[in-house]
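Read the structure below first, then the notes.
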Amino acid sequence: MRFFEEKAARHNHILFMNSIKSTLLASLLAFSFHFALGQQAVLYGHLTNEATKEPLVSATIQVGETGTISDLDGNYELSLEPGTYSVIFSFVGLETRTESVNLKAGESHQLDVALSENANILSMATVTSGKHETALGEVTVSLDVLKPNLIQNTNQTSLSGLLDKVPGVNLVGDQANIRGGSGFSYGAGSRVLLLVDDMPIMQADAGYPQWEDVPLENIEQVEVVKGAASALYGSSALNGIINVRTAFAKSEPETKFSPFVLLYDAPKNKASKWWDTPRYATGGSVVHRHKFGKFDVVLGGNYYKQQSINDSTWSERGRFNFSTRYRITDRLSVGLNGNFNKTKSASFFFWGGVDSLLLRPGAAVSEGQNLRYNIDPYITYFDKANNRHKLQGRFFNVKNQTATSEADQSNRSEVKYAEYQFQRKMERIGMVVSAGAVYIGTAVRAPLYGDTTFTSRNMAGYLQLDKKFFDRLNLSGGFRYENNLVQTPEIIEYQNKDVVVRRDTIPGGEIKESKPVFRFGASYELGRATFLRASWGQGYRFPSIAEKFIYTLFGGTPILPNVKLTSETGWSSEIGLRQGFKLGGFSGFLDLAGFISEYQDMMEFNVVFQGFLASFQSQNVGDTRIRGLEASITGRGDLFGLETTVLAGYTYIDPKFQDWAPLDSLKSGSAAFRLTDAYRNGVNSSICSAGNSCENILKYRYKHTAKVDIESRAGKFSFGVSAIYNSFMKNIDEVFEALIVPGLRQYRKENKRGNLVLGARTAFFPNDHLKLSFILGNLTNEEWTARPGKI
């Protein structure tokens, strides 16, 4: 018995000793772990832009295989083992900087860095091509960047005037046209998507931009993407994107006020001058930017009043806008932006005749009052893994009260836009992942659309991957899936003076459609400042409510609905070369591009006949193809001792219908042939009228355009020149020449040489805060039409 008691005691003693050993071992391991942690050092600091003193958000800090990004206040922190390190600080558009640091065990070392501007223009930061900041030289598509200095130097009062400076971009009756991708659609539908701060701002019913709504007084830069971009931005980005990025408040408060007055000279043909009192435009803009601790605010306003050289044509508008941002923490910020624009205007659609080019025909004047506003809330959050989460929205409301002697063209519409965006930067493998979901809801009511309410809903998801290989090759791929729904009455009745003149039936009162779109691109750095790029992207555009359901009169001509109108699709591709150069203190780049675009079931307004009455209707005109070449040069810096900026370019396009018929076929075609796209395209083209060649060319395109803008500063003076050349627009709607616009055929026969518009300007800078400018537009008093019937 005692034997068992002694054995139990020894066993308990062993367990006790083992427990002590385990406790001591655990304590030792814990102490060792704590000691190891204590040996680490902390590197932290603050990153700023040397020129603006602004904090740099999402700047990259790289230490070997370890790295991080700066937060919303420009702060960063890294835990590192003791030792000597080379720390690389980089931010798109700024010079990369490397600092050496020696860290001791347990040390907290502060290293604040200010990055200077990169003189190489190819390093300029852009966002639109991939929804994240990318150096201009590395983007895989054609992209132009316009800075606010160009707006100020040329006194632009609308974004449309600024876009006229961009190579490859034309405006035909305020319709944006990039490399021949669009024609003239009478204010209904657009293949170019207008964004303000990465969100669409297009009128809900017509899918059309209002250039005067853009707050030019508060622009950071404008980015123009040429080619299909539907994979990231959806319908209406079929031909390209114009993205206006507004400015935030800077470290120092700033107020800018810019008044102006413009006077119109008499035309060359003095007999055309109909006015006794001066024709003019006047107005001004003001903007104030201020930081209050973590709260940023920008307030802006604009007033414009014009009495045009065209009879009974005038406009007056006022705009107010604001931007706010509050940084709740170093990872979370919220903001609210807004823009309000009220306009009154009057105009006529086409002239009275070749002897009265500036006078209206009879009483055909359109007068209107418009109120448009948008409210944009947003939230940006960086999680602990430095992934960016962004939730943004826009409520866009339009109230147009427009009437002519022919019809009430008033309408009301609203757009509700919401987008969630996720972005992850994987610095170690050189990849950026961008993904998101989009909702767009609209509601439209107008006499133009049977005086009933139309609602629509668009839902989409997208994914974009950007990967860098060998520090030279950039690959980009994107995908978007869109789902569209339009809800209408099952029976739509159209009235003219309270009399029902037409009925259309929509089965079930719904129109549904879904479509996937893709894009791919590559950019390779062949050598120092030499980048070769190639891209291919699909495009897609769902018909706007105006194109599908409008019924009204337009300059005396009926505009008819087409409920059978279907979506247009297409693709564009290009291969291009960007070559940077430096001449002393002047740096820039030459860009060469060859491109091709194809559209299937392209939507265009065409003439249809009801008996002997000609009407317009949006129709699918078949397939089209546009080939072309573009060369441009952009530069800035010290040139021959003068601070100089240059923007110039030449664009050639060959836009053709894929379904086309020669003149003989149009005259002798069978009844079956007269139902084909080839016949309709030919018979509706002015180029196939009597005495013309019937050349296959899309309507409302310039085959050749050339643009240049140069400005230099010497001391307190600056001097600038500009030129815009458009070749003759060979083809328009035949019905305009034959029936609608008096004298148009004669005018076009007498003016076939195209047009060259020259400008010059000078400015005086008495001090750093004041600039006085004198601008001469259209030096040679050139006369031209950007669309039929309007000088």
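Residues are named by chain letter and number: chains run A, B, ... in the order of the structure tokens, numbers start at 1 in each chain, and ligands are numbered from 1 in the order shown.
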Residue set, region 450-517 of chain A restricted to strand (DSSP E), as a ChimeraX atom specification: /A:452-469,473-487,491-496,499-505,510-517
Members of region 558-748 of chain A assigned helix (DSSP H, G or I) by DSSP, as a PyMOL selection string: chain A and resi 663-668+673-675+677-683+686-688+734-740+744-748
6 Å contact set for region 138-151 of chain A, only C-alpha atoms, chain neighbours under 6 positions out, as a PyMOL selection string: chain A and resi 221-226+521-523+533
Same residues, N, CA, C and O atoms, output as a compact mmCIF listing (two decimals), in the first residue's frame:
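Output below, filename again19.txt:
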# COMPACT_ATOMS: atom_id res chain seq x y z
N GLN A 221 -8.65 69.65 -64.64
CA GLN A 221 -8.25 69.32 -65.99
C GLN A 221 -9.40 68.61 -66.69
O GLN A 221 -10.32 68.09 -66.05
N VAL A 222 -9.34 68.60 -68.03
CA VAL A 222 -10.33 67.90 -68.86
C VAL A 222 -9.60 66.81 -69.61
O VAL A 222 -8.57 67.07 -70.26
N GLU A 223 -10.10 65.58 -69.53
CA GLU A 223 -9.49 64.44 -70.21
C GLU A 223 -10.43 63.94 -71.31
O GLU A 223 -11.61 63.71 -71.06
N VAL A 224 -9.89 63.80 -72.51
CA VAL A 224 -10.67 63.37 -73.67
C VAL A 224 -10.13 62.03 -74.14
O VAL A 224 -8.99 61.93 -74.60
N VAL A 225 -10.95 60.98 -74.01
CA VAL A 225 -10.60 59.65 -74.48
C VAL A 225 -11.22 59.43 -75.85
O VAL A 225 -12.42 59.63 -76.03
N LYS A 226 -10.40 59.03 -76.81
CA LYS A 226 -10.86 58.85 -78.19
C LYS A 226 -11.00 57.36 -78.48
O LYS A 226 -10.03 56.62 -78.44
N GLY A 521 -6.06 46.49 -73.97
CA GLY A 521 -5.08 47.46 -74.42
C GLY A 521 -3.71 47.12 -73.90
O GLY A 521 -3.54 46.39 -72.91
N ALA A 522 -2.69 47.65 -74.57
CA ALA A 522 -1.31 47.43 -74.17
C ALA A 522 -0.49 48.66 -74.49
O ALA A 522 -0.74 49.36 -75.48
N SER A 523 0.49 48.92 -73.64
CA SER A 523 1.44 50.01 -73.86
C SER A 523 2.83 49.49 -73.50
O SER A 523 3.01 48.90 -72.42
N ARG A 533 1.60 51.79 -78.29
CA ARG A 533 0.35 51.34 -77.68
C ARG A 533 -0.55 50.72 -78.73
O ARG A 533 -0.45 51.01 -79.93
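Shortest atom-to-atom contact with Ser632 (chain A) among A:Glu482, A:Asp198, A:Asp709, A:Glu574: A:Asp709, counting only C-alpha atoms.
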Distance of CA of Thr126 (chain A) from CA of Asp376 (chain A), expressed in Å to one decimal place: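 So the answer is 21.8 Å.
The residue set within 12 Å of Phe248 (chain A), counting only C-alpha atoms and dropping same-chain residues fewer than 4 places from it, reads Thr52, Glu54, Pro55, Asp197, Asn218, Ile219, Glu220, Gln221, Glu252, Pro253, Glu254, Val287, His288, Arg289, His290, Lys291, Phe295, Asp296, Val297, Val298, Leu299, Gly300, Phe322, Ser323, Thr324, Arg325, Tyr326, Gly335 and Asn337 of chain A.
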Residues within 9 Å of region 744-761 of chain A, only C-alpha atoms, excluding chain neighbours under 3 positions, as a VMD selection string: chain A and resid 153 to 154 353 to 354 686 702 711 718 to 730 736 to 738 740 to 741 773 to 784 788 to 789
Residue subset to file, keeping N, CA and C atoms, as an mmCIF file, in the first residue's frame:
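Saved the output as part-v4.cif:
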data_model
loop_
_atom_site.group_PDB
_atom_site.id
_atom_site.type_symbol
_atom_site.label_atom_id
_atom_site.label_comp_id
_atom_site.auth_asym_id
_atom_site.auth_seq_id
_atom_site.Cartn_x
_atom_site.Cartn_y
_atom_site.Cartn_z
ATOM 1 N N ASN A 153 -6.752 81.539 -70.896
ATOM 2 C CA ASN A 153 -6.055 82.285 -71.943
ATOM 3 C C ASN A 153 -6.951 82.607 -73.128
ATOM 4 N N THR A 154 -7.928 81.752 -73.406
ATOM 5 C CA THR A 154 -8.802 81.951 -74.567
ATOM 6 C C THR A 154 -10.206 82.423 -74.179
ATOM 7 N N GLY A 353 -32.663 82.755 -96.146
ATOM 8 C CA GLY A 353 -32.275 82.548 -97.538
ATOM 9 C C GLY A 353 -30.855 83.016 -97.763
ATOM 10 N N VAL A 354 -30.332 82.818 -98.982
ATOM 11 C CA VAL A 354 -28.937 83.190 -99.250
ATOM 12 C C VAL A 354 -28.721 84.689 -99.168
ATOM 13 N N SER A 686 -27.040 64.235 -99.729
ATOM 14 C CA SER A 686 -26.944 65.346 -100.680
ATOM 15 C C SER A 686 -25.872 65.099 -101.727
ATOM 16 N N TYR A 702 -16.137 65.940 -91.468
ATOM 17 C CA TYR A 702 -15.019 66.608 -92.128
ATOM 18 C C TYR A 702 -13.923 65.563 -92.341
ATOM 19 N N GLU A 711 1.053 79.637 -77.260
ATOM 20 C CA GLU A 711 1.165 80.849 -76.443
ATOM 21 C C GLU A 711 2.542 80.900 -75.798
ATOM 22 N N SER A 718 2.246 88.248 -72.610
ATOM 23 C CA SER A 718 2.119 86.963 -73.303
ATOM 24 C C SER A 718 1.452 87.201 -74.650
ATOM 25 N N PHE A 719 1.746 86.296 -75.603
ATOM 26 C CA PHE A 719 1.201 86.390 -76.947
ATOM 27 C C PHE A 719 0.772 84.998 -77.396
ATOM 28 N N GLY A 720 -0.370 84.913 -78.046
ATOM 29 C CA GLY A 720 -0.856 83.614 -78.493
ATOM 30 C C GLY A 720 -1.497 83.690 -79.867
ATOM 31 N N VAL A 721 -1.455 82.572 -80.583
ATOM 32 C CA VAL A 721 -2.127 82.461 -81.885
ATOM 33 C C VAL A 721 -2.862 81.131 -81.928
ATOM 34 N N SER A 722 -3.909 81.069 -82.736
ATOM 35 C CA SER A 722 -4.664 79.828 -82.889
ATOM 36 C C SER A 722 -5.184 79.721 -84.311
ATOM 37 N N ALA A 723 -5.409 78.494 -84.741
ATOM 38 C CA ALA A 723 -5.974 78.247 -86.073
ATOM 39 C C ALA A 723 -6.765 76.949 -86.033
ATOM 40 N N ILE A 724 -7.924 76.949 -86.690
ATOM 41 C CA ILE A 724 -8.746 75.746 -86.835
ATOM 42 C C ILE A 724 -9.162 75.645 -88.291
ATOM 43 N N TYR A 725 -8.830 74.505 -88.910
ATOM 44 C CA TYR A 725 -9.222 74.272 -90.304
ATOM 45 C C TYR A 725 -10.111 73.045 -90.381
ATOM 46 N N ASN A 726 -11.243 73.185 -91.053
ATOM 47 C CA ASN A 726 -12.131 72.064 -91.362
ATOM 48 C C ASN A 726 -12.349 72.028 -92.863
ATOM 49 N N SER A 727 -12.170 70.861 -93.464
ATOM 50 C CA SER A 727 -12.443 70.735 -94.891
ATOM 51 C C SER A 727 -13.946 70.826 -95.148
ATOM 52 N N PHE A 728 -14.318 70.899 -96.417
ATOM 53 C CA PHE A 728 -15.729 71.007 -96.778
ATOM 54 C C PHE A 728 -16.497 69.767 -96.340
ATOM 55 N N MET A 729 -17.648 69.985 -95.719
ATOM 56 C CA MET A 729 -18.518 68.885 -95.321
ATOM 57 C C MET A 729 -19.284 68.417 -96.564
ATOM 58 N N LYS A 730 -18.830 67.310 -97.159
ATOM 59 C CA LYS A 730 -19.331 66.912 -98.471
ATOM 60 C C LYS A 730 -20.769 66.414 -98.464
ATOM 61 N N PHE A 736 -32.528 68.743 -96.655
ATOM 62 C CA PHE A 736 -32.212 70.119 -96.262
ATOM 63 C C PHE A 736 -31.943 70.978 -97.492
ATOM 64 N N GLU A 737 -31.159 70.435 -98.422
ATOM 65 C CA GLU A 737 -30.856 71.204 -99.629
ATOM 66 C C GLU A 737 -32.070 71.314 -100.552
ATOM 67 N N ALA A 738 -32.848 70.236 -100.655
ATOM 68 C CA ALA A 738 -33.921 70.189 -101.647
ATOM 69 C C ALA A 738 -35.196 70.886 -101.197
ATOM 70 N N ILE A 740 -36.017 71.996 -97.304
ATOM 71 C CA ILE A 740 -36.235 72.651 -96.019
ATOM 72 C C ILE A 740 -35.562 74.010 -95.905
ATOM 73 N N VAL A 741 -34.235 74.077 -96.175
ATOM 74 C CA VAL A 741 -33.480 75.309 -95.920
ATOM 75 C C VAL A 741 -33.351 76.097 -97.220
ATOM 76 N N SER A 773 -6.363 90.819 -70.581
ATOM 77 C CA SER A 773 -6.239 90.144 -71.872
ATOM 78 C C SER A 773 -7.006 90.874 -72.963
ATOM 79 N N PHE A 774 -6.462 90.784 -74.187
ATOM 80 C CA PHE A 774 -7.165 91.283 -75.369
ATOM 81 C C PHE A 774 -7.115 90.177 -76.411
ATOM 82 N N ILE A 775 -8.298 89.705 -76.834
ATOM 83 C CA ILE A 775 -8.398 88.528 -77.705
ATOM 84 C C ILE A 775 -9.119 88.895 -78.989
ATOM 85 N N LEU A 776 -8.526 88.507 -80.120
ATOM 86 C CA LEU A 776 -9.159 88.682 -81.423
ATOM 87 C C LEU A 776 -9.541 87.308 -81.960
ATOM 88 N N GLY A 777 -10.837 87.051 -82.056
ATOM 89 C CA GLY A 777 -11.302 85.794 -82.614
ATOM 90 C C GLY A 777 -11.682 85.985 -84.071
ATOM 91 N N ASN A 778 -11.474 84.971 -84.903
ATOM 92 C CA ASN A 778 -11.842 85.032 -86.313
ATOM 93 C C ASN A 778 -11.247 86.278 -86.989
ATOM 94 N N LEU A 779 -9.920 86.323 -87.021
ATOM 95 C CA LEU A 779 -9.187 87.495 -87.511
ATOM 96 C C LEU A 779 -9.586 87.916 -88.921
ATOM 97 N N THR A 780 -9.829 86.953 -89.791
ATOM 98 C CA THR A 780 -10.117 87.272 -91.199
ATOM 99 C C THR A 780 -11.610 87.404 -91.479
ATOM 100 N N ASN A 781 -12.415 87.424 -90.422
ATOM 101 C CA ASN A 781 -13.869 87.559 -90.562
ATOM 102 C C ASN A 781 -14.452 86.452 -91.445
ATOM 103 N N GLU A 782 -13.978 85.241 -91.204
ATOM 104 C CA GLU A 782 -14.438 84.071 -91.952
ATOM 105 C C GLU A 782 -15.918 83.789 -91.654
ATOM 106 N N GLU A 783 -16.634 83.320 -92.675
ATOM 107 C CA GLU A 783 -18.048 82.959 -92.522
ATOM 108 C C GLU A 783 -18.185 81.469 -92.814
ATOM 109 N N TRP A 784 -18.836 80.724 -91.912
ATOM 110 C CA TRP A 784 -18.989 79.283 -92.139
ATOM 111 C C TRP A 784 -20.210 78.750 -91.395
ATOM 112 N N PRO A 788 -26.226 72.695 -91.154
ATOM 113 C CA PRO A 788 -26.970 73.359 -92.233
ATOM 114 C C PRO A 788 -27.877 74.484 -91.741
ATOM 115 N N GLY A 789 -27.793 75.634 -92.433
ATOM 116 C CA GLY A 789 -28.763 76.697 -92.228
ATOM 117 C C GLY A 789 -28.480 77.655 -91.105
#
Using only C-alpha atoms: which of A:Gly368, A:Pro267, A:Gly436, A:Gly580 has the shortest distance to Ser315 (chain A):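 Between A:Gly368, A:Pro267, A:Gly436, A:Gly580, the residue approaching Ser315 (chain A) most closely is A:Gly368.
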Long-range neighbours of Gln175 (chain A) as a list in words, 8 Å cut-off, only C-alpha atoms, 3 positions minimum in chain: Leu171, Val172, Ser182, Gly183, Phe184, Ser185, Gly187 and Ser190 of chain A
Write the residues of the selection above to a file with N, CA, C and O atoms, as a compact mmCIF listing (two decimals), in the first residue's frame.
# COMPACT_ATOMS: atom_id res chain seq x y z
N LEU A 171 -17.46 69.82 -83.23
CA LEU A 171 -18.84 69.98 -82.77
C LEU A 171 -19.70 70.39 -83.95
O LEU A 171 -19.43 71.41 -84.60
N VAL A 172 -20.69 69.58 -84.26
CA VAL A 172 -21.61 69.84 -85.36
C VAL A 172 -22.96 70.16 -84.74
O VAL A 172 -23.65 69.26 -84.25
N SER A 182 -19.58 60.49 -84.93
CA SER A 182 -20.95 60.98 -84.80
C SER A 182 -21.24 61.97 -85.92
O SER A 182 -20.33 62.57 -86.49
N GLY A 183 -22.51 62.15 -86.19
CA GLY A 183 -22.93 63.13 -87.19
C GLY A 183 -23.69 64.26 -86.53
O GLY A 183 -23.22 64.88 -85.58
N PHE A 184 -24.89 64.52 -87.03
CA PHE A 184 -25.75 65.58 -86.50
C PHE A 184 -27.10 64.95 -86.19
O PHE A 184 -27.78 64.47 -87.09
N SER A 185 -27.46 64.93 -84.90
CA SER A 185 -28.66 64.20 -84.50
C SER A 185 -29.73 65.12 -83.91
O SER A 185 -30.62 64.65 -83.21
N GLY A 187 -29.95 67.14 -81.50
CA GLY A 187 -30.12 67.20 -80.06
C GLY A 187 -30.67 65.95 -79.42
O GLY A 187 -31.09 65.98 -78.26
N SER A 190 -26.30 60.76 -78.15
CA SER A 190 -24.89 61.13 -78.29
C SER A 190 -24.04 59.88 -78.14
O SER A 190 -24.31 59.02 -77.29
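Taking only C-alpha atoms into account, Phe518 (chain A) lies nearest to A:Ser572 out of the set A:Ser544, A:Ser597, A:Gln40, A:Ser572.
The smallest atom-to-atom distance between Gly715 (chain A) and any of A:Phe764, A:Val113, A:Ser685, A:Arg412, using only C-alpha atoms, is found for A:Phe764.
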Residues within 12 Å of Gln409 (chain A), only C-alpha atoms, excluding chain neighbours under 2 positions, as JSON, numbers by chain: {"A": [366, 367, 368, 369, 370, 399, 400, 401, 402, 403, 404, 405, 406, 407, 411, 412, 445, 446, 447, 448, 449, 450, 451, 496, 546, 550, 551, 552, 553, 554, 559]}
Proximity to Arg625 (chain A) - best of A:Arg480, A:Tyr494, A:Arg179, A:Phe589, only C-alpha atoms: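 Selected residue with least distance to Arg625 (chain A): A:Arg179.
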Selected residue, from A:Arg372, A:His109, A:Arg245, A:Lys131, that lies nearest to Ser476 (chain A) when counting only C-alpha atoms: A:Lys131
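Note that the spacing between CA of Gly283 (chain A) and CA of Arg317 (chain A) amounts to 9.4 Å.
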